[in-house]
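For reference, work.pdb is printed below; it contains PDB, C-alpha atoms (C1' of nucleotides).
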```
MODEL        1
ATOM      1  CA  MET A   1     -26.300  16.958 -46.829
ATOM      2  CA  LYS A   2     -27.163  13.279 -46.678
ATOM      3  CA  GLU A   3     -26.267  12.660 -50.282
ATOM      4  CA  SER A   4     -26.037   9.061 -51.284
ATOM      5  CA  VAL A   5     -23.185   7.212 -49.721
ATOM      6  CA  THR A   6     -20.415   5.872 -51.843
ATOM      7  CA  ASN A   7     -19.877   2.238 -50.991
ATOM      8  CA  CYS A   8     -21.280   2.071 -47.526
ATOM      9  CA  THR A   9     -23.250  -1.086 -47.755
ATOM     10  CA  VAL A  10     -22.479  -1.898 -44.160
ATOM     11  CA  GLU A  11     -23.783   1.474 -43.068
ATOM     12  CA  GLU A  12     -26.967   0.972 -45.038
ATOM     13  CA  ALA A  13     -27.576  -2.394 -43.446
ATOM     14  CA  MET A  14     -26.920  -1.068 -39.976
ATOM     15  CA  ARG A  15     -29.236   1.855 -40.487
ATOM     16  CA  LEU A  16     -32.076  -0.599 -41.014
ATOM     17  CA  LEU A  17     -31.054  -3.321 -38.594
ATOM     18  CA  GLY A  18     -28.972  -1.450 -36.075
ATOM     19  CA  GLY A  19     -31.693  -0.914 -33.528
ATOM     20  CA  ARG A  20     -31.765  -2.792 -30.297
ATOM     21  CA  TRP A  21     -34.666  -5.049 -31.155
ATOM     22  CA  ARG A  22     -35.074  -5.515 -34.863
ATOM     23  CA  LEU A  23     -32.808  -8.465 -35.423
ATOM     24  CA  LEU A  24     -34.126 -10.012 -32.260
ATOM     25  CA  ILE A  25     -37.666  -9.746 -33.575
ATOM     26  CA  VAL A  26     -36.560 -11.309 -36.824
ATOM     27  CA  TYR A  27     -34.957 -14.076 -34.843
ATOM     28  CA  PHE A  28     -38.278 -15.030 -33.339
ATOM     29  CA  LEU A  29     -39.871 -15.017 -36.762
ATOM     30  CA  LEU A  30     -37.419 -17.550 -38.141
ATOM     31  CA  ASP A  31     -39.539 -20.497 -37.107
ATOM     32  CA  GLY A  32     -42.736 -19.211 -38.607
ATOM     33  CA  PRO A  33     -45.482 -16.649 -38.152
ATOM     34  CA  ARG A  34     -46.072 -15.041 -34.777
ATOM     35  CA  ARG A  35     -48.808 -12.897 -33.383
ATOM     36  CA  PHE A  36     -48.215  -9.513 -31.822
ATOM     37  CA  ASN A  37     -48.507 -10.461 -28.197
ATOM     38  CA  GLU A  38     -46.706 -13.675 -28.860
ATOM     39  CA  LEU A  39     -43.727 -11.659 -29.994
ATOM     40  CA  ARG A  40     -44.117  -9.420 -27.012
ATOM     41  CA  ARG A  41     -43.698 -12.391 -24.739
ATOM     42  CA  CYS A  42     -40.807 -13.793 -26.731
ATOM     43  CA  VAL A  43     -38.709 -10.683 -26.999
ATOM     44  CA  PRO A  44     -37.436 -10.078 -23.507
ATOM     45  CA  GLY A  45     -38.139  -6.592 -22.222
ATOM     46  CA  ILE A  46     -39.438  -4.936 -25.341
ATOM     47  CA  SER A  47     -42.145  -2.353 -24.916
ATOM     48  CA  GLN A  48     -45.353  -2.511 -26.842
ATOM     49  CA  ARG A  49     -44.501   0.732 -28.519
ATOM     50  CA  MET A  50     -41.094  -0.346 -29.782
ATOM     51  CA  LEU A  51     -42.461  -3.637 -30.996
ATOM     52  CA  THR A  52     -45.021  -1.759 -33.043
ATOM     53  CA  LEU A  53     -42.490   0.704 -34.422
ATOM     54  CA  ASP A  54     -39.935  -1.915 -35.331
ATOM     55  CA  LEU A  55     -42.512  -4.190 -36.913
ATOM     56  CA  ARG A  56     -43.682  -1.253 -38.987
ATOM     57  CA  ALA A  57     -40.151  -0.466 -40.098
ATOM     58  CA  LEU A  58     -39.468  -4.043 -41.096
ATOM     59  CA  GLU A  59     -42.770  -4.200 -42.886
ATOM     60  CA  GLU A  60     -42.072  -1.005 -44.758
ATOM     61  CA  ALA A  61     -38.739  -2.443 -45.801
ATOM     62  CA  GLY A  62     -40.616  -5.411 -47.220
ATOM     63  CA  LEU A  63     -38.912  -7.871 -44.911
ATOM     64  CA  ILE A  64     -41.965  -9.013 -43.004
ATOM     65  CA  LYS A  65     -45.627  -9.324 -43.880
ATOM     66  CA  ARG A  66     -48.491  -8.321 -41.637
ATOM     67  CA  THR A  67     -51.695 -10.300 -41.912
ATOM     68  CA  VAL A  68     -54.905  -9.344 -40.136
ATOM     69  CA  PHE A  69     -57.472 -11.986 -39.370
ATOM     70  CA  PRO A  70     -60.906 -10.479 -38.752
ATOM     71  CA  THR A  71     -61.626 -12.545 -35.696
ATOM     72  CA  VAL A  72     -63.044 -11.109 -32.488
ATOM     73  CA  PRO A  73     -60.894  -9.806 -31.099
ATOM     74  CA  VAL A  74     -58.710  -9.210 -34.092
ATOM     75  CA  THR A  75     -55.650 -11.386 -34.656
ATOM     76  CA  VAL A  76     -52.540 -10.133 -36.407
ATOM     77  CA  GLU A  77     -49.780 -12.334 -37.662
ATOM     78  CA  TYR A  78     -46.287 -11.391 -38.713
ATOM     79  CA  GLN A  79     -44.017 -13.471 -40.880
ATOM     80  CA  LEU A  80     -40.872 -13.133 -42.910
ATOM     81  CA  THR A  81     -41.313 -12.410 -46.596
ATOM     82  CA  GLU A  82     -39.113 -13.984 -49.228
ATOM     83  CA  ASP A  83     -36.995 -10.851 -49.101
ATOM     84  CA  GLY A  84     -36.979 -11.088 -45.347
ATOM     85  CA  LYS A  85     -35.389 -14.505 -45.536
ATOM     86  CA  ARG A  86     -32.249 -12.737 -46.614
ATOM     87  CA  LEU A  87     -31.973 -11.838 -42.965
ATOM     88  CA  VAL A  88     -31.507 -15.438 -41.917
ATOM     89  CA  PRO A  89     -27.725 -15.468 -42.336
ATOM     90  CA  VAL A  90     -27.523 -12.075 -40.667
ATOM     91  CA  VAL A  91     -29.355 -13.306 -37.612
ATOM     92  CA  LYS A  92     -27.397 -16.531 -37.532
ATOM     93  CA  VAL A  93     -24.073 -14.797 -37.576
ATOM     94  CA  MET A  94     -25.148 -12.368 -34.876
ATOM     95  CA  GLN A  95     -26.378 -15.224 -32.794
ATOM     96  CA  GLU A  96     -23.086 -17.032 -33.051
ATOM     97  CA  PHE A  97     -21.106 -13.951 -32.235
ATOM     98  CA  GLY A  98     -23.330 -13.149 -29.282
ATOM     99  CA  LYS A  99     -22.999 -16.693 -28.057
ATOM    100  CA  TRP A 100     -19.247 -16.426 -28.177
ATOM    101  CA  LEU A 101     -19.414 -13.095 -26.344
ATOM    102  CA  LEU A 102     -21.508 -14.543 -23.541
ATOM    103  CA  GLU A 103     -19.371 -17.639 -23.159
ATOM    104  CA  ARG A 104     -16.259 -15.516 -23.033
ATOM    105  CA  GLU A 105     -17.768 -13.354 -20.307
ATOM    106  CA  GLU A 106     -18.482 -16.404 -18.218
ATOM    107  CA  GLY A 107     -14.920 -17.558 -18.553
ATOM    108  CA  GLU A 108     -13.307 -14.250 -17.633
ATOM    109  CA  ALA A 109     -15.259 -12.502 -14.924
ATOM    110  CA  PRO A 110     -17.695 -14.708 -13.030
TER     111      PRO A 110
ATOM    112  CA  MET B   1     -29.134 -25.411 -18.529
ATOM    113  CA  LYS B   2     -30.007 -21.781 -17.938
ATOM    114  CA  GLU B   3     -33.159 -21.375 -19.912
ATOM    115  CA  SER B   4     -33.175 -17.898 -18.455
ATOM    116  CA  VAL B   5     -30.585 -17.012 -21.080
ATOM    117  CA  THR B   6     -33.121 -17.744 -23.745
ATOM    118  CA  ASN B   7     -31.664 -15.997 -26.679
ATOM    119  CA  CYS B   8     -30.111 -12.881 -25.524
ATOM    120  CA  THR B   9     -27.235 -13.838 -27.775
ATOM    121  CA  VAL B  10     -28.547 -11.731 -30.616
ATOM    122  CA  GLU B  11     -29.324  -8.956 -28.178
ATOM    123  CA  GLU B  12     -25.887  -9.192 -26.655
ATOM    124  CA  ALA B  13     -24.234  -8.964 -30.043
ATOM    125  CA  MET B  14     -26.365  -6.023 -31.058
ATOM    126  CA  ARG B  15     -25.656  -4.207 -27.854
ATOM    127  CA  LEU B  16     -21.981  -4.231 -28.728
ATOM    128  CA  LEU B  17     -22.195  -3.828 -32.486
ATOM    129  CA  GLY B  18     -25.502  -2.083 -32.929
ATOM    130  CA  GLY B  19     -24.198   1.446 -33.142
ATOM    131  CA  ARG B  20     -24.119   3.367 -36.358
ATOM    132  CA  TRP B  21     -20.375   3.174 -36.885
ATOM    133  CA  ARG B  22     -18.828   0.226 -35.125
ATOM    134  CA  LEU B  23     -19.184  -2.419 -37.793
ATOM    135  CA  LEU B  24     -18.188   0.157 -40.356
ATOM    136  CA  ILE B  25     -15.002   0.878 -38.452
ATOM    137  CA  VAL B  26     -14.305  -2.824 -38.242
ATOM    138  CA  TYR B  27     -14.886  -3.030 -41.962
ATOM    139  CA  PHE B  28     -12.053  -0.631 -42.600
ATOM    140  CA  LEU B  29      -9.798  -2.595 -40.289
ATOM    141  CA  LEU B  30     -10.261  -5.809 -42.215
ATOM    142  CA  ASP B  31      -7.365  -5.068 -44.547
ATOM    143  CA  GLY B  32      -4.918  -4.294 -41.812
ATOM    144  CA  PRO B  33      -3.948  -1.675 -39.236
ATOM    145  CA  ARG B  34      -5.118   1.909 -39.614
ATOM    146  CA  ARG B  35      -4.204   5.114 -37.888
ATOM    147  CA  PHE B  36      -6.743   7.350 -36.232
ATOM    148  CA  ASN B  37      -6.973  10.032 -38.858
ATOM    149  CA  GLU B  38      -6.787   7.435 -41.555
ATOM    150  CA  LEU B  39      -9.959   5.889 -40.198
ATOM    151  CA  ARG B  40     -11.484   9.308 -39.915
ATOM    152  CA  ARG B  41     -11.009   9.783 -43.618
ATOM    153  CA  CYS B  42     -12.221   6.292 -44.484
ATOM    154  CA  VAL B  43     -15.393   6.272 -42.456
ATOM    155  CA  PRO B  44     -17.680   8.698 -44.227
ATOM    156  CA  GLY B  45     -19.064  11.392 -41.988
ATOM    157  CA  ILE B  46     -17.911  10.130 -38.620
ATOM    158  CA  SER B  47     -16.975  12.713 -36.044
ATOM    159  CA  GLN B  48     -13.753  12.593 -34.112
ATOM    160  CA  ARG B  49     -15.683  12.068 -30.939
ATOM    161  CA  MET B  50     -17.629   9.062 -32.127
ATOM    162  CA  LEU B  51     -14.562   7.511 -33.666
ATOM    163  CA  THR B  52     -12.807   7.798 -30.337
ATOM    164  CA  LEU B  53     -15.750   6.433 -28.367
ATOM    165  CA  ASP B  54     -16.361   3.516 -30.669
ATOM    166  CA  LEU B  55     -12.700   2.607 -30.878
ATOM    167  CA  ARG B  56     -12.592   2.609 -27.085
ATOM    168  CA  ALA B  57     -15.623   0.371 -26.864
ATOM    169  CA  LEU B  58     -14.207  -2.104 -29.348
ATOM    170  CA  GLU B  59     -10.882  -2.026 -27.565
ATOM    171  CA  GLU B  60     -12.502  -2.643 -24.218
ATOM    172  CA  ALA B  61     -14.301  -5.598 -25.732
ATOM    173  CA  GLY B  62     -10.924  -6.954 -26.784
ATOM    174  CA  LEU B  63     -11.794  -6.862 -30.457
ATOM    175  CA  ILE B  64      -9.219  -4.336 -31.545
ATOM    176  CA  LYS B  65      -5.791  -3.428 -30.306
ATOM    177  CA  ARG B  66      -4.473   0.087 -29.910
ATOM    178  CA  THR B  67      -0.773   0.626 -30.432
ATOM    179  CA  VAL B  68       0.969   3.908 -29.703
ATOM    180  CA  PHE B  69       4.207   4.731 -31.477
ATOM    181  CA  PRO B  70       6.184   7.388 -29.593
ATOM    182  CA  THR B  71       6.958   9.427 -32.664
ATOM    183  CA  VAL B  72       6.582  13.193 -32.788
ATOM    184  CA  PRO B  73       3.759  13.772 -33.085
ATOM    185  CA  VAL B  74       2.475  10.547 -31.705
ATOM    186  CA  THR B  75       1.135   7.874 -34.044
ATOM    187  CA  VAL B  76      -1.603   5.477 -33.014
ATOM    188  CA  GLU B  77      -2.526   2.362 -34.867
ATOM    189  CA  TYR B  78      -5.626   0.217 -34.545
ATOM    190  CA  GLN B  79      -5.953  -3.354 -35.662
ATOM    191  CA  LEU B  80      -8.189  -6.334 -35.169
ATOM    192  CA  THR B  81      -7.167  -8.776 -32.486
ATOM    193  CA  GLU B  82      -7.539 -12.503 -32.921
ATOM    194  CA  ASP B  83     -10.842 -12.231 -31.102
ATOM    195  CA  GLY B  84     -11.746  -9.327 -33.324
ATOM    196  CA  LYS B  85     -11.410 -11.520 -36.369
ATOM    197  CA  ARG B  86     -14.579 -13.201 -35.261
ATOM    198  CA  LEU B  87     -16.226 -10.097 -36.594
ATOM    199  CA  VAL B  88     -15.184 -10.853 -40.150
ATOM    200  CA  PRO B  89     -18.211 -12.997 -40.981
ATOM    201  CA  VAL B  90     -20.459 -10.479 -39.260
ATOM    202  CA  VAL B  91     -19.162  -7.638 -41.393
ATOM    203  CA  LYS B  92     -19.298  -9.742 -44.529
ATOM    204  CA  VAL B  93     -22.895 -10.708 -44.026
ATOM    205  CA  MET B  94     -23.885  -7.127 -43.261
ATOM    206  CA  GLN B  95     -22.056  -5.976 -46.331
ATOM    207  CA  GLU B  96     -23.901  -8.426 -48.520
ATOM    208  CA  PHE B  97     -27.243  -7.552 -47.056
ATOM    209  CA  GLY B  98     -26.556  -3.830 -47.418
ATOM    210  CA  LYS B  99     -25.515  -4.373 -50.983
ATOM    211  CA  TRP B 100     -28.746  -6.145 -51.720
ATOM    212  CA  LEU B 101     -30.664  -3.329 -50.024
ATOM    213  CA  LEU B 102     -29.000  -0.672 -52.121
ATOM    214  CA  GLU B 103     -29.457  -2.544 -55.361
ATOM    215  CA  ARG B 104     -33.096  -3.100 -54.584
ATOM    216  CA  GLU B 105     -33.578   0.605 -53.934
ATOM    217  CA  GLU B 106     -32.118   1.437 -57.283
ATOM    218  CA  GLY B 107     -34.497  -0.910 -59.011
ATOM    219  CA  GLU B 108     -37.584   0.441 -57.261
ATOM    220  CA  ALA B 109     -37.221   4.182 -57.045
ATOM    221  CA  PRO B 110     -35.426   5.561 -60.073
TER     222      PRO B 110
ATOM    223  C1'  DC C   1      -1.405  13.736 -34.561
ATOM    224  C1'  DG C   2      -4.545  11.816 -31.542
ATOM    225  C1'  DG C   3      -7.131  12.605 -28.693
ATOM    226  C1'  DG C   4     -10.072  14.684 -23.986
ATOM    227  C1'  DA C   5     -13.788  17.817 -22.097
ATOM    228  C1'  DT C   6     -17.863  20.177 -22.505
ATOM    229  C1'  DC C   7     -22.212  21.475 -24.291
ATOM    230  C1'  DC C   8     -26.089  20.687 -27.005
ATOM    231  C1'  DA C   9     -29.660  18.878 -30.548
ATOM    232  C1'  DG C  10     -32.129  15.234 -32.041
ATOM    233  C1'  DA C  11     -33.092  10.361 -32.252
ATOM    234  C1'  DA C  12     -34.169   6.220 -29.919
ATOM    235  C1'  DT C  13     -36.433   4.076 -26.340
ATOM    236  C1'  DG C  14     -39.457   3.604 -22.309
ATOM    237  C1'  DA C  15     -43.839   4.314 -19.297
ATOM    238  C1'  DT C  16     -48.385   5.036 -19.053
ATOM    239  C1'  DA C  17     -53.013   5.688 -20.465
ATOM    240  C1'  DC C  18     -56.538   4.989 -23.717
ATOM    241  C1'  DT C  19     -59.146   2.635 -27.818
ATOM    242  C1'  DG C  20     -61.672  -0.186 -31.592
TER     243       DG C  20
ATOM    244  C1'  DC D   1     -55.795  -8.406 -29.059
ATOM    245  C1'  DA D   2     -53.366  -5.144 -31.166
ATOM    246  C1'  DG D   3     -52.519  -1.318 -31.315
ATOM    247  C1'  DT D   4     -52.295   4.780 -30.765
ATOM    248  C1'  DA D   5     -51.195   8.892 -28.290
ATOM    249  C1'  DT D   6     -48.569  11.467 -25.157
ATOM    250  C1'  DC D   7     -44.953  12.477 -22.257
ATOM    251  C1'  DA D   8     -40.479  11.524 -20.073
ATOM    252  C1'  DT D   9     -35.931   9.815 -20.228
ATOM    253  C1'  DT D  10     -31.830   8.037 -22.206
ATOM    254  C1'  DC D  11     -28.688   7.557 -25.859
ATOM    255  C1'  DT D  12     -26.300   9.033 -30.019
ATOM    256  C1'  DG D  13     -23.848  12.014 -32.462
ATOM    257  C1'  DG D  14     -22.079  16.731 -33.747
ATOM    258  C1'  DA D  15     -19.599  21.273 -32.671
ATOM    259  C1'  DT D  16     -16.182  23.456 -30.446
ATOM    260  C1'  DC D  17     -12.234  24.329 -27.758
ATOM    261  C1'  DC D  18      -8.152  22.518 -25.507
ATOM    262  C1'  DC D  19      -3.932  19.762 -24.705
ATOM    263  C1'  DG D  20       0.634  16.864 -24.817
TER     264       DG D  20
ENDMDL
END
```
What would the structure in this file look like if it were written as structure tokens?
Amino acid sequence: MKESVTNCTVEEAMRLLGGRWRLLIVYFLLDGPRRFNELRRCVPGISQRMLTLDLRALEEAGLIKRTVFPTVPVTVEYQLTEDGKRLVPVVKVMQEFGKWLLEREEGEAP
Amino acid sequence: MKESVTNCTVEEAMRLLGGRWRLLIVYFLLDGPRRFNELRRCVPGISQRMLTLDLRALEEAGLIKRTVFPTVPVTVEYQLTEDGKRLVPVVKVMQEFGKWLLEREEGEAP
DNA sequence: CGGGATCCAGAATGATACTG
DNA sequence: CAGTATCATTCTGGATCCCG
């Protein structure tokens, strides 16, 4: 089972990005590096655990870079890598579609 | 200006499209209408149940249209609505990103 | 053919407590 | 501050049987 898929590029992308938070996290990294708790405040409703897990997944995929500054207490910064910048159009398009969705909802069922 | 709706737009979009199959189903509807079992064959590995559920969700969101032809046995066709065509850029961008992902994998882990 | 209904396994996510 | 560990809950997806 799970042999390589034929032409399922969309499936591959969704397997990595399809979670509830990942693209949202990336969204908040568009403007520059962010620290862990900074992201936690930005991303509405995410748990500490999921933030950790999703950051790890994105890091493992080479899309973000984790930098530890040996301050006291320690400071950790996350930022998009060059590869990660390939996510910019993905986020943008999702943002636009989501915006349209929300505006449509307002118009139909207030 | 509801700042309360900070940027749930990405979240909103992912809530609707974030599943494993939905964008993939939409992908196979880009070229035109498809019947149920036709989609089942196209979408690699999807179960009948999930195809039904996801088609329902997309229909409820007004993104696809379900048409029943009273043949014997019955024939059901699914197609993108005008609203659903807003998904075209979303699918395209996912497809491109997935393609890049797959090509990168090939290059790294032979 | 195109589903609906039910049951179930596993993955995804959340809550809470603890730590260097 | 930035996590880890553990447990609980919810969600996703598959298997199977049934029906008009």
request  = Run the PyMOL selection byres ((chain B) within 6 of (chain A)) mentally over the shown coordinates, then write out the matched residues as JSON, numbers by chain, using the chain letters and numbers from the document.
outcome  = {"B": [9, 10, 12, 13, 18, 90, 93, 94, 95, 98, 99]}
Hand me chain A as it sits after a least-squares fit onto chain B over every Cα, paired in order, written as a short mmCIF file (atom, residue, chain, number, x, y, z; two decimals) with C-alpha atoms, keeping the file's coordinate frame.
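Output below, filename selection_28.cif:
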```cif
data_model
loop_
_atom_site.label_atom_id
_atom_site.label_comp_id
_atom_site.auth_asym_id
_atom_site.auth_seq_id
_atom_site.Cartn_x
_atom_site.Cartn_y
_atom_site.Cartn_z
CA MET A 1 -33.42 -8.69 -13.91
CA LYS A 2 -30.95 -9.14 -16.73
CA GLU A 3 -30.23 -12.73 -15.86
CA SER A 4 -28.31 -14.65 -18.44
CA VAL A 5 -30.19 -15.26 -21.61
CA THR A 6 -31.09 -18.74 -22.64
CA ASN A 7 -29.99 -19.29 -26.20
CA CYS A 8 -29.87 -15.78 -27.49
CA THR A 9 -26.64 -15.86 -29.34
CA VAL A 10 -27.99 -13.48 -31.93
CA GLU A 11 -28.96 -11.02 -29.23
CA GLU A 12 -25.51 -11.23 -27.70
CA ALA A 13 -23.85 -10.53 -31.01
CA MET A 14 -26.13 -7.61 -31.74
CA ARG A 15 -25.55 -6.11 -28.34
CA LEU A 16 -21.87 -5.82 -29.20
CA LEU A 17 -22.11 -5.06 -32.89
CA GLY A 18 -25.51 -3.48 -33.20
CA GLY A 19 -24.38 0.11 -33.05
CA ARG A 20 -24.41 2.31 -36.07
CA TRP A 21 -20.68 2.40 -36.59
CA ARG A 22 -18.94 -0.59 -35.12
CA LEU A 23 -19.13 -2.97 -38.03
CA LEU A 24 -18.30 -0.13 -40.34
CA ILE A 25 -15.15 0.59 -38.36
CA VAL A 26 -14.25 -3.06 -38.51
CA TYR A 27 -14.79 -2.96 -42.23
CA PHE A 28 -12.11 -0.35 -42.63
CA LEU A 29 -9.75 -2.40 -40.51
CA LEU A 30 -10.04 -5.43 -42.76
CA ASP A 31 -7.18 -4.34 -44.98
CA GLY A 32 -4.77 -3.66 -42.18
CA PRO A 33 -3.96 -1.24 -39.39
CA ARG A 34 -5.35 2.28 -39.44
CA ARG A 35 -4.64 5.36 -37.42
CA PHE A 36 -7.29 7.28 -35.55
CA ASN A 37 -7.73 10.17 -37.92
CA GLU A 38 -7.38 7.86 -40.85
CA LEU A 39 -10.43 6.01 -39.63
CA ARG A 40 -12.17 9.28 -39.04
CA ARG A 41 -11.75 10.15 -42.68
CA CYS A 42 -12.76 6.70 -43.85
CA VAL A 43 -15.92 6.29 -41.84
CA PRO A 44 -18.35 8.73 -43.38
CA GLY A 45 -19.92 11.08 -40.87
CA ILE A 46 -18.71 9.59 -37.64
CA SER A 47 -17.94 11.97 -34.83
CA GLN A 48 -14.66 11.91 -33.02
CA ARG A 49 -16.43 10.98 -29.85
CA MET A 50 -18.25 7.97 -31.26
CA LEU A 51 -15.12 6.74 -32.96
CA THR A 52 -13.34 6.81 -29.63
CA LEU A 53 -16.18 5.10 -27.79
CA ASP A 54 -16.65 2.38 -30.36
CA LEU A 55 -12.94 1.72 -30.66
CA ARG A 56 -12.80 1.37 -26.90
CA ALA A 57 -15.70 -1.06 -26.88
CA LEU A 58 -14.16 -3.20 -29.59
CA GLU A 59 -10.84 -3.10 -27.82
CA GLU A 60 -12.40 -4.13 -24.54
CA ALA A 61 -14.05 -7.02 -26.33
CA GLY A 62 -10.62 -8.08 -27.51
CA LEU A 63 -11.50 -7.67 -31.16
CA ILE A 64 -9.07 -4.91 -31.99
CA LYS A 65 -5.67 -3.92 -30.65
CA ARG A 66 -4.56 -0.39 -29.93
CA THR A 67 -0.90 0.42 -30.39
CA VAL A 68 0.66 3.72 -29.38
CA PHE A 69 3.80 4.90 -31.08
CA PRO A 70 5.63 7.50 -29.01
CA THR A 71 6.28 9.82 -31.89
CA VAL A 72 5.70 13.57 -31.73
CA PRO A 73 2.87 14.02 -32.00
CA VAL A 74 1.76 10.63 -30.84
CA THR A 75 0.54 8.07 -33.36
CA VAL A 76 -2.04 5.44 -32.53
CA GLU A 77 -2.78 2.45 -34.66
CA TYR A 78 -5.74 0.12 -34.53
CA GLN A 79 -5.86 -3.35 -35.98
CA LEU A 80 -7.93 -6.49 -35.78
CA THR A 81 -6.77 -9.12 -33.34
CA GLU A 82 -6.94 -12.81 -34.13
CA ASP A 83 -10.25 -12.89 -32.30
CA GLY A 84 -11.33 -9.86 -34.24
CA LYS A 85 -10.86 -11.72 -37.48
CA ARG A 86 -13.93 -13.67 -36.55
CA LEU A 87 -15.75 -10.54 -37.59
CA VAL A 88 -14.67 -10.88 -41.19
CA PRO A 89 -17.58 -13.09 -42.25
CA VAL A 90 -19.96 -10.89 -40.30
CA VAL A 91 -18.83 -7.79 -42.13
CA LYS A 92 -18.84 -9.56 -45.46
CA VAL A 93 -22.37 -10.76 -45.09
CA MET A 94 -23.56 -7.34 -43.99
CA GLN A 95 -21.81 -5.79 -46.91
CA GLU A 96 -23.49 -8.10 -49.36
CA PHE A 97 -26.88 -7.56 -47.84
CA GLY A 98 -26.41 -3.81 -47.82
CA LYS A 99 -25.30 -3.92 -51.42
CA TRP A 100 -28.43 -5.79 -52.36
CA LEU A 101 -30.53 -3.28 -50.41
CA LEU A 102 -29.00 -0.33 -52.23
CA GLU A 103 -29.31 -1.90 -55.65
CA ARG A 104 -32.92 -2.75 -54.97
CA GLU A 105 -33.64 0.84 -53.96
CA GLU A 106 -32.20 2.09 -57.21
CA GLY A 107 -34.40 -0.25 -59.17
CA GLU A 108 -37.64 0.62 -57.39
CA ALA A 109 -37.79 4.30 -56.57
CA PRO A 110 -35.32 6.46 -58.47
#
```
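Here the PyMOL selection byres ((chain D and resi 15) around 9) matches the residues DC7 and DC8 of chain C; DG14 and DT16 of chain D.
Nearest to DT9 of chain D of all the residues C:DT6, C:DG14, C:DG20, C:DC1 is C:DG14, counting all atoms listed in the file.
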message = Env of Leu63 of chain A: 10 Å cut, atoms = all atoms listed in the file, seq-sep filter 2 positions within chain, self excluded. Answer as a VMD selection string.
response = chain A and resid 26 55 57 to 61 65 79 to 87
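You will find atom C1' of DT6 of chain D at 8.9 Å from atom C1' of DT16 of chain C.
This file, filtered with the PyMOL selection byres ((chain B) within 10 of (chain C)), gives the residues Arg35, Phe36, Asn37, Gln48, Arg49, Thr52, Val68, Thr71, Val72, Pro73, Val74, Thr75 and Val76 of chain B.
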task = Can you check which residues of chain D have any atom within 12 Å of chain A? Use only C-alpha atoms (C1' of nucleotides) and format it as a PyMOL selection string.
result = chain D and resi 1-6+11-12
Missing atoms of segment 71-75 of chain A rebuilt to all heavy atoms, written as a PDB file, in the frame of the given file:
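The new file rebuild38.pdb reads:
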```
ATOM      1  N   THR A  71     -60.972 -11.832 -36.782  1.00  0.00           N
ATOM      2  CA  THR A  71     -61.626 -12.545 -35.696  1.00  0.00           C
ATOM      3  C   THR A  71     -62.086 -11.525 -34.659  1.00  0.00           C
ATOM      4  O   THR A  71     -61.879 -10.336 -34.824  1.00  0.00           O
ATOM      5  CB  THR A  71     -60.630 -13.506 -35.040  1.00  0.00           C
ATOM      6  OG1 THR A  71     -59.458 -12.766 -34.674  1.00  0.00           O
ATOM      7  CG2 THR A  71     -60.229 -14.601 -36.000  1.00  0.00           C
ATOM      8  N   VAL A  72     -62.698 -12.006 -33.582  1.00  0.00           N
ATOM      9  CA  VAL A  72     -63.044 -11.109 -32.488  1.00  0.00           C
ATOM     10  C   VAL A  72     -62.500 -11.690 -31.201  1.00  0.00           C
ATOM     11  O   VAL A  72     -62.935 -12.762 -30.786  1.00  0.00           O
ATOM     12  CB  VAL A  72     -64.571 -10.934 -32.346  1.00  0.00           C
ATOM     13  CG1 VAL A  72     -64.891 -10.024 -31.167  1.00  0.00           C
ATOM     14  CG2 VAL A  72     -65.163 -10.397 -33.628  1.00  0.00           C
ATOM     15  N   PRO A  73     -61.522 -11.028 -30.596  1.00  0.00           N
ATOM     16  CA  PRO A  73     -60.894  -9.806 -31.099  1.00  0.00           C
ATOM     17  C   PRO A  73     -59.962 -10.105 -32.263  1.00  0.00           C
ATOM     18  O   PRO A  73     -59.650 -11.265 -32.535  1.00  0.00           O
ATOM     19  CB  PRO A  73     -60.108  -9.292 -29.902  1.00  0.00           C
ATOM     20  CG  PRO A  73     -60.162 -10.336 -28.856  1.00  0.00           C
ATOM     21  CD  PRO A  73     -60.969 -11.460 -29.329  1.00  0.00           C
ATOM     22  N   VAL A  74     -59.518  -9.069 -32.898  1.00  0.00           N
ATOM     23  CA  VAL A  74     -58.710  -9.210 -34.092  1.00  0.00           C
ATOM     24  C   VAL A  74     -57.384  -9.923 -33.804  1.00  0.00           C
ATOM     25  O   VAL A  74     -56.844  -9.815 -32.703  1.00  0.00           O
ATOM     26  CB  VAL A  74     -58.444  -7.821 -34.711  1.00  0.00           C
ATOM     27  CG1 VAL A  74     -57.607  -6.979 -33.767  1.00  0.00           C
ATOM     28  CG2 VAL A  74     -57.774  -7.934 -36.059  1.00  0.00           C
ATOM     29  N   THR A  75     -56.931 -10.689 -34.767  1.00  0.00           N
ATOM     30  CA  THR A  75     -55.650 -11.386 -34.656  1.00  0.00           C
ATOM     31  C   THR A  75     -54.740 -10.896 -35.769  1.00  0.00           C
ATOM     32  O   THR A  75     -55.167 -10.773 -36.917  1.00  0.00           O
ATOM     33  CB  THR A  75     -55.865 -12.902 -34.815  1.00  0.00           C
ATOM     34  OG1 THR A  75     -56.773 -13.356 -33.823  1.00  0.00           O
ATOM     35  CG2 THR A  75     -54.554 -13.637 -34.693  1.00  0.00           C
TER      36      THR A  75
END
```
